[in-house]
Every structure is written in C-alpha cells, then in structure tokens.
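Student: The following file, data-v8.cif, comprises mmCIF, C-alpha atoms (C1' of nucleotides):
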data_work
loop_
_atom_site.label_atom_id
_atom_site.label_comp_id
_atom_site.auth_asym_id
_atom_site.auth_seq_id
_atom_site.Cartn_x
_atom_site.Cartn_y
_atom_site.Cartn_z
CA MET A 20 -25.04 -43.61 22.87
CA ASN A 21 -26.08 -47.12 21.94
CA TYR A 22 -27.76 -49.54 24.29
CA ALA A 23 -26.64 -53.15 24.46
CA THR A 24 -29.86 -54.93 23.62
CA ARG A 25 -30.56 -58.60 23.35
CA GLN A 26 -31.59 -58.18 19.72
CA ARG A 27 -28.46 -56.39 18.64
CA SER A 28 -26.24 -58.87 20.45
CA ALA A 29 -28.10 -61.70 18.69
CA VAL A 30 -27.27 -60.22 15.29
CA GLN A 31 -23.63 -59.78 16.20
CA LYS A 32 -23.32 -63.24 17.73
CA THR A 33 -24.93 -64.79 14.68
CA LEU A 34 -22.28 -63.28 12.44
CA GLU A 35 -19.45 -64.26 14.76
CA ASP A 36 -20.64 -67.83 15.17
CA ALA A 37 -21.24 -68.30 11.45
CA GLY A 38 -17.78 -67.03 10.55
CA ARG A 39 -18.93 -66.30 7.04
CA PRO A 40 -20.80 -63.48 5.25
CA MET A 41 -24.59 -63.62 5.45
CA THR A 42 -27.52 -61.74 3.96
CA PRO A 43 -29.87 -59.80 6.26
CA ALA A 44 -32.56 -62.41 5.67
CA GLU A 45 -30.12 -65.21 6.46
CA ILE A 46 -29.05 -63.47 9.65
CA TRP A 47 -32.67 -62.95 10.57
CA THR A 48 -33.58 -66.64 10.45
CA VAL A 49 -30.62 -67.58 12.63
CA ALA A 50 -30.78 -64.67 15.07
CA ARG A 51 -34.46 -65.28 15.71
CA SER A 52 -33.52 -68.41 17.62
CA LEU A 53 -31.36 -66.26 19.88
CA SER A 54 -33.96 -63.52 20.24
CA PRO A 55 -37.51 -64.78 19.60
CA GLY A 56 -39.78 -62.29 17.90
CA LEU A 57 -36.87 -60.45 16.32
CA GLY A 58 -38.04 -58.19 13.51
CA ILE A 59 -36.35 -57.85 10.15
CA ALA A 60 -36.23 -54.08 10.60
CA THR A 61 -34.20 -54.57 13.75
CA VAL A 62 -31.71 -56.71 11.84
CA TYR A 63 -31.15 -53.87 9.38
CA ARG A 64 -30.89 -51.36 12.19
CA ALA A 65 -28.40 -53.53 14.06
CA LEU A 66 -26.29 -54.04 10.95
CA ARG A 67 -26.08 -50.33 10.32
CA ILE A 68 -25.06 -49.61 13.90
CA LEU A 69 -22.53 -52.44 13.94
CA MET A 70 -21.05 -51.06 10.73
CA ASP A 71 -20.83 -47.58 12.21
CA MET A 72 -19.04 -49.14 15.16
CA GLY A 73 -16.63 -50.84 12.79
CA ALA A 74 -17.55 -54.34 13.98
CA VAL A 75 -19.21 -55.42 10.76
CA GLU A 76 -18.69 -54.70 7.09
CA VAL A 77 -20.47 -55.22 3.81
CA VAL A 78 -19.40 -57.86 1.31
CA GLU A 79 -20.56 -57.33 -2.26
CA ILE A 80 -20.72 -60.56 -4.22
CA PRO A 81 -21.35 -60.36 -7.98
CA GLY A 82 -24.74 -61.85 -8.71
CA ALA A 83 -25.81 -61.93 -5.07
CA PRO A 84 -27.45 -59.47 -2.67
CA PRO A 85 -25.22 -57.68 -0.13
CA HIS A 86 -23.76 -59.87 2.60
CA TYR A 87 -22.41 -58.84 6.00
CA GLU A 88 -19.50 -60.25 7.97
CA ARG A 89 -17.61 -59.43 11.14
CA LYS A 90 -14.79 -57.06 10.33
CA HIS A 91 -11.51 -58.71 9.42
CA PRO A 92 -8.13 -57.10 9.74
CA GLN A 93 -6.47 -59.18 7.04
CA HIS A 94 -7.01 -59.12 3.28
CA HIS A 95 -9.20 -61.97 2.09
CA HIS A 96 -11.69 -63.02 -0.55
CA HIS A 97 -14.87 -65.03 -0.90
CA PHE A 98 -16.28 -68.21 -2.30
CA LEU A 99 -19.91 -68.65 -3.39
CA CYS A 100 -21.25 -72.19 -3.45
CA GLU A 101 -23.52 -72.54 -6.47
CA HIS A 102 -25.50 -75.25 -4.72
CA CYS A 103 -26.34 -73.94 -1.28
CA GLN A 104 -25.75 -70.29 -2.22
CA ARG A 105 -23.70 -69.77 0.92
CA VAL A 106 -20.68 -67.50 0.92
CA PHE A 107 -17.41 -68.55 2.59
CA GLU A 108 -14.21 -66.72 3.35
CA VAL A 109 -11.00 -67.44 1.49
CA GLU A 110 -7.98 -66.57 3.58
CA ALA A 111 -5.58 -66.22 0.69
CA CYS A 112 -4.65 -64.00 -2.23
CA THR A 113 -2.21 -64.30 -5.09
CA SER A 114 0.29 -61.54 -5.64
CA GLY A 115 0.35 -59.54 -8.82
CA ILE A 116 -3.37 -59.08 -9.10
CA ASP A 117 -3.06 -55.32 -8.93
CA GLN A 118 -0.58 -55.35 -11.83
CA LEU A 119 -3.20 -56.60 -14.28
CA ALA A 120 -4.64 -53.18 -15.02
CA PRO A 121 -3.75 -51.45 -18.30
CA ALA A 122 -1.06 -48.79 -18.39
CA GLY A 123 -2.18 -45.49 -16.91
CA PHE A 124 -4.70 -47.12 -14.58
CA THR A 125 -4.17 -46.92 -10.82
CA VAL A 126 -5.41 -49.85 -8.76
CA LYS A 127 -6.52 -49.05 -5.22
CA ARG A 128 -8.05 -52.40 -4.28
CA HIS A 129 -9.59 -55.48 -5.78
CA SER A 130 -12.42 -57.91 -5.24
CA LEU A 131 -12.12 -61.60 -6.01
CA THR A 132 -14.91 -64.13 -5.80
CA LEU A 133 -14.59 -67.84 -6.50
CA TYR A 134 -17.60 -69.85 -7.65
CA GLY A 135 -18.05 -73.59 -7.36
CA VAL A 136 -19.11 -76.24 -4.91
CA CYS A 137 -18.31 -76.17 -1.20
CA ASN A 138 -17.23 -79.15 0.86
CA ASP A 139 -20.66 -79.86 2.30
CA PRO A 140 -21.56 -83.48 1.38
CA ALA A 141 -25.05 -82.36 0.42
CA CYS A 142 -23.50 -80.04 -2.17
CA VAL A 143 -20.71 -82.30 -3.41
CA ASN A 144 -23.10 -85.05 -4.46
CA ARG A 145 -25.26 -82.98 -6.74
CA PRO A 146 -24.83 -81.86 -10.37
CA ALA A 147 -24.67 -78.15 -11.15
CA GLN A 148 -27.17 -76.26 -13.27
CA GLN A 149 -26.27 -73.51 -15.73
CA ALA A 150 -27.97 -72.95 -19.09
CA GLN A 151 -25.88 -71.98 -22.13
CA PRO A 152 -27.71 -69.69 -24.57
CA ALA A 153 -27.86 -70.81 -28.18
CA VAL A 154 -26.42 -68.61 -30.93
CA ALA A 155 -29.05 -67.23 -33.30
CA GLN A 156 -29.40 -64.43 -35.84
CA PHE A 157 -31.75 -61.67 -36.89
CA ALA A 158 -34.19 -62.42 -39.74
CA GLY A 159 -32.62 -60.32 -42.47
CA GLY A 160 -29.11 -60.24 -41.09
CA PHE A 161 -27.49 -57.15 -39.60
CA ARG A 162 -27.53 -53.75 -41.19
CA MET B 18 -37.84 -65.03 -35.67
CA ASN B 19 -36.34 -61.67 -34.77
CA TYR B 20 -36.44 -58.63 -36.98
CA ALA B 21 -33.38 -56.47 -37.50
CA THR B 22 -34.68 -53.12 -36.33
CA ARG B 23 -32.94 -49.81 -36.15
CA GLN B 24 -33.42 -49.71 -32.39
CA ARG B 25 -31.94 -53.10 -31.71
CA SER B 26 -28.99 -52.43 -33.99
CA ALA B 27 -28.41 -49.17 -32.15
CA VAL B 28 -28.13 -51.01 -28.85
CA GLN B 29 -25.75 -53.57 -30.29
CA LYS B 30 -23.61 -50.98 -32.06
CA THR B 31 -23.41 -48.91 -28.88
CA LEU B 32 -21.94 -51.85 -27.01
CA GLU B 33 -19.54 -52.71 -29.81
CA ASP B 34 -18.30 -49.16 -30.23
CA ALA B 35 -17.85 -48.61 -26.51
CA GLY B 36 -15.85 -51.80 -26.09
CA ARG B 37 -16.61 -51.84 -22.38
CA PRO B 38 -19.50 -52.97 -20.16
CA MET B 39 -22.37 -50.50 -19.77
CA THR B 40 -25.55 -50.24 -17.73
CA PRO B 41 -28.92 -50.18 -19.50
CA ALA B 42 -29.29 -46.50 -18.65
CA GLU B 43 -25.81 -45.79 -20.00
CA ILE B 44 -26.59 -47.65 -23.20
CA TRP B 45 -29.84 -45.77 -23.50
CA THR B 46 -28.24 -42.32 -23.46
CA VAL B 47 -25.73 -43.30 -26.14
CA ALA B 48 -28.05 -45.36 -28.33
CA ARG B 49 -30.61 -42.57 -28.43
CA SER B 50 -28.25 -40.60 -30.64
CA LEU B 51 -28.29 -43.52 -33.09
CA SER B 52 -32.04 -44.03 -32.86
CA PRO B 53 -33.89 -40.88 -31.77
CA GLY B 54 -36.92 -41.50 -29.57
CA LEU B 55 -35.55 -44.83 -28.36
CA GLY B 56 -37.39 -46.00 -25.24
CA ILE B 57 -35.75 -47.52 -22.19
CA ALA B 58 -38.06 -50.53 -22.43
CA THR B 59 -36.69 -51.24 -25.88
CA VAL B 60 -33.16 -51.21 -24.51
CA TYR B 61 -34.08 -53.89 -21.99
CA ARG B 62 -35.89 -55.89 -24.68
CA ALA B 63 -32.93 -55.64 -27.03
CA LEU B 64 -30.49 -56.69 -24.34
CA ARG B 65 -32.51 -59.78 -23.52
CA ILE B 66 -32.75 -60.79 -27.16
CA LEU B 67 -29.06 -60.14 -27.78
CA MET B 68 -28.25 -62.28 -24.77
CA ASP B 69 -30.47 -65.08 -26.06
CA MET B 70 -28.60 -64.80 -29.35
CA GLY B 71 -25.32 -65.09 -27.51
CA ALA B 72 -24.05 -61.72 -28.73
CA VAL B 73 -24.15 -59.99 -25.37
CA GLU B 74 -23.59 -61.08 -21.79
CA VAL B 75 -24.12 -59.73 -18.30
CA VAL B 76 -21.26 -58.44 -16.18
CA GLU B 77 -21.90 -58.35 -12.45
CA ILE B 78 -19.71 -55.82 -10.66
CA PRO B 79 -19.71 -55.79 -6.87
CA GLY B 80 -21.29 -52.59 -5.70
CA ALA B 81 -22.64 -51.64 -9.11
CA PRO B 82 -25.81 -52.40 -11.06
CA PRO B 83 -25.63 -55.06 -13.81
CA HIS B 84 -23.58 -54.11 -16.87
CA TYR B 85 -23.74 -55.57 -20.37
CA GLU B 86 -20.94 -56.18 -22.87
CA ARG B 87 -20.50 -57.83 -26.23
CA LYS B 88 -19.65 -61.46 -25.74
CA HIS B 89 -15.96 -62.24 -25.50
CA PRO B 90 -14.38 -65.56 -26.28
CA GLN B 91 -11.38 -65.11 -24.00
CA HIS B 92 -11.22 -65.01 -20.22
CA HIS B 93 -10.96 -61.48 -18.85
CA HIS B 94 -11.81 -59.28 -15.90
CA HIS B 95 -12.97 -55.76 -15.16
CA PHE B 96 -11.88 -52.44 -13.74
CA LEU B 97 -14.22 -49.94 -12.11
CA CYS B 98 -13.06 -46.33 -12.04
CA GLU B 99 -14.11 -44.82 -8.72
CA HIS B 100 -14.23 -41.38 -10.28
CA CYS B 101 -16.25 -41.71 -13.46
CA GLN B 102 -17.89 -44.99 -12.41
CA ARG B 103 -17.15 -46.47 -15.82
CA VAL B 104 -16.22 -50.13 -16.17
CA PHE B 105 -13.35 -51.23 -18.40
CA GLU B 106 -12.12 -54.60 -19.57
CA VAL B 107 -8.89 -56.10 -18.29
CA GLU B 108 -7.42 -58.53 -20.80
CA ALA B 109 -5.31 -60.43 -18.33
CA CYS B 110 -5.48 -62.92 -15.48
CA THR B 111 -2.94 -64.34 -13.07
CA SER B 112 -2.64 -68.10 -12.77
CA GLY B 113 -3.31 -69.88 -9.54
CA ILE B 114 -6.42 -67.97 -8.63
CA ASP B 115 -8.52 -71.11 -8.64
CA GLN B 116 -6.12 -72.76 -6.18
CA LEU B 117 -6.97 -70.31 -3.41
CA ALA B 118 -10.07 -72.15 -2.26
CA PRO B 119 -9.92 -74.26 0.92
CA ALA B 120 -9.47 -78.03 0.72
CA GLY B 121 -12.60 -79.83 -0.39
CA PHE B 122 -13.91 -76.87 -2.35
CA THR B 123 -14.24 -77.15 -6.13
CA VAL B 124 -13.71 -73.95 -8.12
CA LYS B 125 -15.64 -73.69 -11.39
CA ARG B 126 -14.91 -70.07 -12.25
CA HIS B 127 -13.95 -66.78 -10.68
CA SER B 128 -14.72 -63.09 -10.90
CA LEU B 129 -12.12 -60.42 -10.39
CA THR B 130 -12.77 -56.70 -10.29
CA LEU B 131 -10.12 -54.03 -9.86
CA TYR B 132 -11.01 -50.66 -8.36
CA GLY B 133 -9.10 -47.43 -8.79
CA VAL B 134 -8.67 -44.56 -11.19
CA CYS B 135 -8.72 -44.91 -14.97
CA ASN B 136 -6.37 -43.12 -17.34
CA ASP B 137 -8.80 -40.37 -18.26
CA PRO B 138 -7.11 -37.03 -17.42
CA ALA B 139 -10.34 -35.81 -15.85
CA CYS B 140 -10.17 -38.71 -13.40
CA VAL B 141 -6.42 -38.74 -12.77
CA ASN B 142 -6.40 -35.14 -11.52
CA ARG B 143 -8.98 -35.57 -8.80
CA PRO B 144 -8.74 -36.92 -5.22
CA ALA B 145 -10.79 -39.96 -4.25
CA GLN B 146 -13.54 -40.04 -1.62
CA GLN B 147 -14.12 -42.89 0.84
CA ALA B 148 -15.21 -42.48 4.47
CA GLN B 149 -13.74 -44.68 7.18
CA PRO B 150 -16.16 -45.48 10.04
CA ALA B 151 -14.95 -44.76 13.57
CA VAL B 152 -14.76 -47.53 16.15
CA ALA B 153 -17.24 -47.16 19.02
CA GLN B 154 -18.86 -49.29 21.72
CA PHE B 155 -22.21 -50.06 23.27
CA ALA B 156 -23.17 -48.13 26.41
CA GLY B 157 -22.86 -50.91 28.95
CA GLY B 158 -20.38 -53.02 27.01
CA PHE B 159 -21.30 -56.36 25.46
CA ARG B 160 -23.24 -59.04 27.24
"C1'" DT C 13 -46.57 -54.20 -52.93
"C1'" DA C 14 -49.83 -56.76 -49.68
"C1'" DG C 15 -50.41 -58.38 -45.47
"C1'" DC C 16 -49.05 -60.78 -41.39
"C1'" DC C 17 -46.51 -60.76 -37.51
"C1'" DT C 18 -43.00 -58.53 -34.72
"C1'" DC C 19 -41.39 -54.53 -32.68
"C1'" DT C 20 -41.74 -49.88 -30.57
"C1'" DG C 21 -42.63 -46.07 -27.15
"C1'" DA C 22 -44.95 -44.49 -23.13
"C1'" DT C 23 -46.33 -45.57 -18.97
"C1'" DA C 24 -48.38 -48.26 -15.43
"C1'" DA C 25 -47.28 -52.03 -12.64
"C1'" DA C 26 -44.48 -55.45 -10.57
"C1'" DG C 27 -40.76 -57.06 -7.68
"C1'" DC C 28 -37.62 -56.51 -3.96
"C1'" DA C 29 -34.66 -54.84 -0.64
"C1'" DT C 30 -34.42 -51.31 2.59
"C1'" DT C 31 -36.29 -47.57 5.46
"C1'" DA C 32 -39.71 -44.69 7.98
"C1'" DC C 33 -43.17 -44.56 11.27
"C1'" DC C 34 -45.34 -45.20 15.74
"C1'" DG C 35 -47.06 -46.90 20.03
"C1'" DA C 36 -45.16 -49.99 23.38
"C1'" DT C 37 -41.09 -51.72 25.72
"C1'" DT C 38 -36.41 -51.81 27.53
"C1'" DT C 39 -31.97 -49.89 28.89
"C1'" DG C 40 -28.82 -47.25 31.69
"C1'" DC C 41 -27.63 -43.54 34.71
"C1'" DG C 42 -28.46 -41.31 38.98
"C1'" DC D 4 -36.01 -47.78 41.97
"C1'" DG D 5 -37.50 -43.99 38.46
"C1'" DC D 6 -37.41 -41.51 34.51
"C1'" DA D 7 -35.63 -39.94 29.95
"C1'" DA D 8 -33.91 -41.66 25.90
"C1'" DA D 9 -32.98 -45.44 22.93
"C1'" DT D 10 -34.82 -49.47 20.86
"C1'" DC D 11 -38.26 -52.81 19.55
"C1'" DG D 12 -41.79 -55.21 16.34
"C1'" DG D 13 -45.05 -54.83 12.72
"C1'" DT D 14 -46.04 -52.85 8.71
"C1'" DA D 15 -46.74 -49.22 5.40
"C1'" DA D 16 -44.03 -46.61 2.42
"C1'" DT D 17 -40.10 -45.73 -0.35
"C1'" DG D 18 -36.78 -46.09 -4.07
"C1'" DC D 19 -35.16 -48.11 -7.97
"C1'" DT D 20 -34.67 -51.41 -11.60
"C1'" DT D 21 -37.06 -54.25 -14.68
"C1'" DT D 22 -41.28 -55.98 -16.91
"C1'" DA D 23 -46.16 -55.99 -18.73
"C1'" DT D 24 -49.49 -53.84 -21.52
"C1'" DC D 25 -51.39 -51.99 -25.71
"C1'" DA D 26 -52.34 -49.24 -29.68
"C1'" DG D 27 -49.80 -47.93 -33.55
"C1'" DA D 28 -45.64 -48.32 -36.68
"C1'" DG D 29 -42.47 -51.11 -39.17
"C1'" DG D 30 -39.87 -55.35 -41.14
"C1'" DC D 31 -40.06 -59.30 -43.97
"C1'" DT D 32 -41.64 -62.89 -47.23
"C1'" DA D 33 -44.13 -64.04 -51.25
#
Write out the structure in this file as structure tokens.
Tutor:
Amino acid sequence: MNYATRQRSAVQKTLEDAGRPMTPAEIWTVARSLSPGLGIATVYRALRILMDMGAVEVVEIPGAPPHYERKHPQHHHHFLCEHCQRVFEVEACTSGIDQLAPAGFTVKRHSLTLYGVCNDPACVNRPAQQAQPAVAQFAGGFR
Amino acid sequence: MNYATRQRSAVQKTLEDAGRPMTPAEIWTVARSLSPGLGIATVYRALRILMDMGAVEVVEIPGAPPHYERKHPQHHHHFLCEHCQRVFEVEACTSGIDQLAPAGFTVKRHSLTLYGVCNDPACVNRPAQQAQPAVAQFAGGFR
DNA sequence: TAGCCTCTGATAAAGCATTACCGATTTGCG
DNA sequence: CGCAAATCGGTAATGCTTTATCAGAGGCTA
C-alpha cells in the first residue's frame, strides 16, 4: 500500500494547481516550494505512482519532452507556446478528425497540438524565432 | 559544396521510395541494400545535409522517436499504426482546427496525428494491446 | 588523370532523461 | 507509543539516440 507523504502530495498539488501539463523538471521546481529538499528522483517516483493510481497521465507533445497532467475525463487537446514553452489545455475538438485517414485505415484515437503564442503579456509582445533552411544542391547534381 | 555520393543518394532514394516518414534506424536498414556497408553515422550526416538543402524535414510524432520525410509543399498530417509502428501520411485536414485555441491565444500552426491500424492485412487481423491502469488510493487518504 | 577536399565507416564519446541503489527517515497500524 | 514497511534524498548508473573523431577511400574540377 502507498503512504501519503508530504512529497507525493506536493507533486500532486502542483499539477492540480497549475491546471496544465508540466515536465518532471518543471514540477520539481514548483513542488520544491511545497516540500523543501524534494529530490528529482522522488518526483519521478511520485509521477509513476500517481499514474498507476489513475490520478495523472502522460501528455506527449511533438518536439517536447513528456509532460504530465491530472487525469481528465473529457477529450481535449494541447497548446504549446513557442515563447515560454509552456503547455496549456484546449477544451475543444472539431468533429470529423477521425475521418481523415485513408480508406482501409482504422482510427482509434488522435492527438492534436496547437503551436503559437499564449495570452501572457510577456509572450504577446515578443517576435517569434524560426529559421527557414535554404534550398541547395549537390555538386554534380543527383545520380 | 556537397558531393553526390552513393551513400547520400541511397538515403534520399529510400525516403522517396517509401513515401512515408521513417526513423534513422529504419532508413538505415533499407538504405543498406542500396549501399552495402552503409554506416549509421552516415545516415545521420546525410539527413542533416538533406535537411539543410531543404529536401527532407523532421516529423515529430507523439510517443515516437523523430521521423524524417521528403519535404512536402502541401499541408498534411500523419497516421501511426499501433501494430507495425509505421507512420503514414494523411493528405487531408479539417478546417477550423486553428480556431480551437482559447481567447487571446494566437495559433501559428498545428500538428495532428491519428493512431490506429493501417490497411496492411498483417495488421488488420490482429488485436491491439493497451493496458488501462486501475484506480487506487493512498493508505491514509489525502492530506 | 592529378590532386585537393569532402565523405565514409567504425567506434568511442557525448548528451539527457530516467532509474537503481542505499543508508537514513517517515508513515501507519496495532 | 513501537516497530515493520514504505519512502526519502543524493547520486551513480543505465539506456538510448545522436555526434565527434580519424585514418582511409572517393568525388570533382582543371
């Protein structure tokens, strides 16, 4: 059986208060203020136990390390701010997404992530950065 | 300037023939038949150069290592078969996806991945596997 | 064809996130 | 309260992908 420790409660409370998916490192920095001396290993341990309990689940964001959020009953998606790198929840979904697959393909679920700028003033008033690779060629052409 | 080597052409041809995103390791196994003795380091080198040239781009799939595909002009998405783990292209997109974000959020782009079973007979005739964690509690309840 | 410069293959090393380990501490039941 | 079992913090170790290194082979221009 699991014990109810201060450390584990700190991890869970951090996720509930934030209301958005966080990385283990992100959780660690916040939860440390709730449980001084908290170790990163304990954060990982707590996350695994909370997942086994069904209280927390993993969120995989393309181009970002795994995030964790409190388990949600309803279908939802995520938004990644390209400025502050924070992930937010999007409580909406358009119908027909599962009908996009080619004929003969069966869709079980889908994952949608929006990218852009969140509503934080610090993020709104800043230009984005994204390099576009130039088109070049091999020396003697292709063979 | 870049040379047009047999190895690099093998990597590029592998991606073009497959017509779907592949992992470096996946590319390696196929491209080796086009260029015997091909090293994995060369695959990574070729991919970086092809990306700099604008001929190839990265595809980030949630829950999967980075894939690479030949660069596409048109907007599209991806499908991950949960049986064979292969990624396919989905040449379609529903409108309104970018309107899902909360007020004050600016959407620049989005990433959509479908999960299910592809149309390969070997995949269609096989049950899926996905464990569902049981719900439990701490010993003394929460604090 | 000569010769310079790039590329290759093999492998060691780097980079990172996650996990194992262990002595010390804390929890929960009786 | 008292003890057995679970958990903690700190850190070394692991696992895996990607990169650096280097001697030798190969592509390209003149």
Student: Per residue of chain B within 12 Å of chain D, what are the shortest atom pair and its distance in Å to one decimal, counting all atoms listed in the file, with rows by chain and residue number, as JSON lines?
Tutor:
{"residue": "B:Met18", "atom": "CA", "partner": "D:DC31", "partner_atom": "C1'", "distance": 10.3}
{"residue": "B:Asn19", "atom": "CA", "partner": "D:DG30", "partner_atom": "C1'", "distance": 9.6}
{"residue": "B:Tyr20", "atom": "CA", "partner": "D:DG30", "partner_atom": "C1'", "distance": 6.3}
{"residue": "B:Ala21", "atom": "CA", "partner": "D:DG30", "partner_atom": "C1'", "distance": 7.5}
{"residue": "B:Thr22", "atom": "CA", "partner": "D:DG30", "partner_atom": "C1'", "distance": 7.4}
{"residue": "B:Arg23", "atom": "CA", "partner": "D:DG29", "partner_atom": "C1'", "distance": 10.1}
{"residue": "B:Gln24", "atom": "CA", "partner": "D:DG29", "partner_atom": "C1'", "distance": 11.4}
{"residue": "B:Thr40", "atom": "CA", "partner": "D:DT20", "partner_atom": "C1'", "distance": 11.1}
{"residue": "B:Pro41", "atom": "CA", "partner": "D:DT20", "partner_atom": "C1'", "distance": 9.8}
{"residue": "B:Ala42", "atom": "CA", "partner": "D:DT20", "partner_atom": "C1'", "distance": 10.1}
{"residue": "B:Ile57", "atom": "CA", "partner": "D:DT21", "partner_atom": "C1'", "distance": 10.2}
{"residue": "B:Ala58", "atom": "CA", "partner": "D:DT22", "partner_atom": "C1'", "distance": 8.4}
{"residue": "B:Thr59", "atom": "CA", "partner": "D:DT22", "partner_atom": "C1'", "distance": 11.1}
{"residue": "B:Val60", "atom": "CA", "partner": "D:DT21", "partner_atom": "C1'", "distance": 11.0}
{"residue": "B:Tyr61", "atom": "CA", "partner": "D:DT21", "partner_atom": "C1'", "distance": 7.9}
{"residue": "B:Arg62", "atom": "CA", "partner": "D:DT22", "partner_atom": "C1'", "distance": 9.5}
{"residue": "B:Leu64", "atom": "CA", "partner": "D:DT21", "partner_atom": "C1'", "distance": 11.9}
{"residue": "B:Arg65", "atom": "CA", "partner": "D:DT21", "partner_atom": "C1'", "distance": 11.4}
{"residue": "B:Pro82", "atom": "CA", "partner": "D:DT20", "partner_atom": "C1'", "distance": 8.9}
{"residue": "B:Pro83", "atom": "CA", "partner": "D:DT20", "partner_atom": "C1'", "distance": 10.0}
{"residue": "B:Phe155", "atom": "CA", "partner": "D:DA9", "partner_atom": "C1'", "distance": 11.7}
{"residue": "B:Ala156", "atom": "CA", "partner": "D:DA9", "partner_atom": "C1'", "distance": 10.8}
Student: Give me, please, the distance in Å between atom CA of Met72 of chain A and atom CA of Thr33 of chain A, quoted to one decimal.
Tutor: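 Between atom CA of Met72 of chain A and atom CA of Thr33 of chain A the gap works out to 16.7 Å.
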Student: Go through B:Arg87, B:Leu67, B:Glu106, B:Glu77 and flag the residue nearest chain A, using all atoms listed in the file for the distances.
Tutor: B:Glu77
Student: Of the candidates C:DA32, C:DA14, C:DA25, C:DC41, which one gets nearest to chain B if we count all atoms listed in the file?
Tutor: C:DC41
Student: Restrict the calculation to only C-alpha atoms, then for each residue of chain B with any atom at most 6 Å from an atom of chain A give the closest atom pair and their distance in Å to one decimal, rows by chain and rising residue number, as a tab-separated table.
Tutor:
residue	atom	partner	partner_atom	distance
B:Asn19	CA	A:Phe157	CA	5.1
B:Tyr20	CA	A:Ala158	CA	5.2
B:Ala21	CA	A:Phe157	CA	5.5
B:Asp69	CA	A:Pro152	CA	5.6
B:Met70	CA	A:Ala155	CA	4.7
B:Gly71	CA	A:Val154	CA	5.0
B:Glu77	CA	A:Pro81	CA	4.9
B:Ile78	CA	A:Pro81	CA	5.5
B:Pro79	CA	A:Glu79	CA	4.9
B:Gly80	CA	A:Glu79	CA	5.9
B:Ala109	CA	A:Leu119	CA	6.0
B:Leu117	CA	A:Ala111	CA	6.0
B:Gly121	CA	A:Asn138	CA	4.8
B:Phe122	CA	A:Cys137	CA	4.6
B:Thr123	CA	A:Val136	CA	5.1
B:Val124	CA	A:Gly135	CA	4.4
B:Lys125	CA	A:Gly135	CA	4.7
B:Arg126	CA	A:Tyr134	CA	5.3
B:His127	CA	A:Leu133	CA	4.4
B:Ser128	CA	A:Thr132	CA	5.2
B:Leu129	CA	A:Leu131	CA	4.5
B:Thr130	CA	A:Ser130	CA	5.2
B:Leu131	CA	A:His129	CA	4.4
B:Tyr132	CA	A:Arg128	CA	5.3
B:Gly133	CA	A:Val126	CA	4.4
B:Val134	CA	A:Thr125	CA	5.1
B:Cys135	CA	A:Phe124	CA	4.6
B:Asn136	CA	A:Gly123	CA	4.8
B:Pro150	CA	A:Asp71	CA	5.6
B:Val152	CA	A:Met72	CA	4.7
B:Ala153	CA	A:Met72	CA	4.7
B:Phe155	CA	A:Asn21	CA	5.0
B:Ala156	CA	A:Tyr22	CA	5.2
Student: What gap, in Å, lies between atom CA of Trp45 of chain B and atom CA of Leu32 of chain B?
Tutor: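 It comes out at 10.6 Å.
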Student: So which residues get picked by the PyMOL selection byres ((chain C) within 9 of (chain B)) here, written as number ranges by chain?
Tutor: C: 18-22, 40
Student: Quick one, how far is atom CA of Gln102 of chain B from atom CA of Pro92 of chain A?
Tutor: 27.1 Å
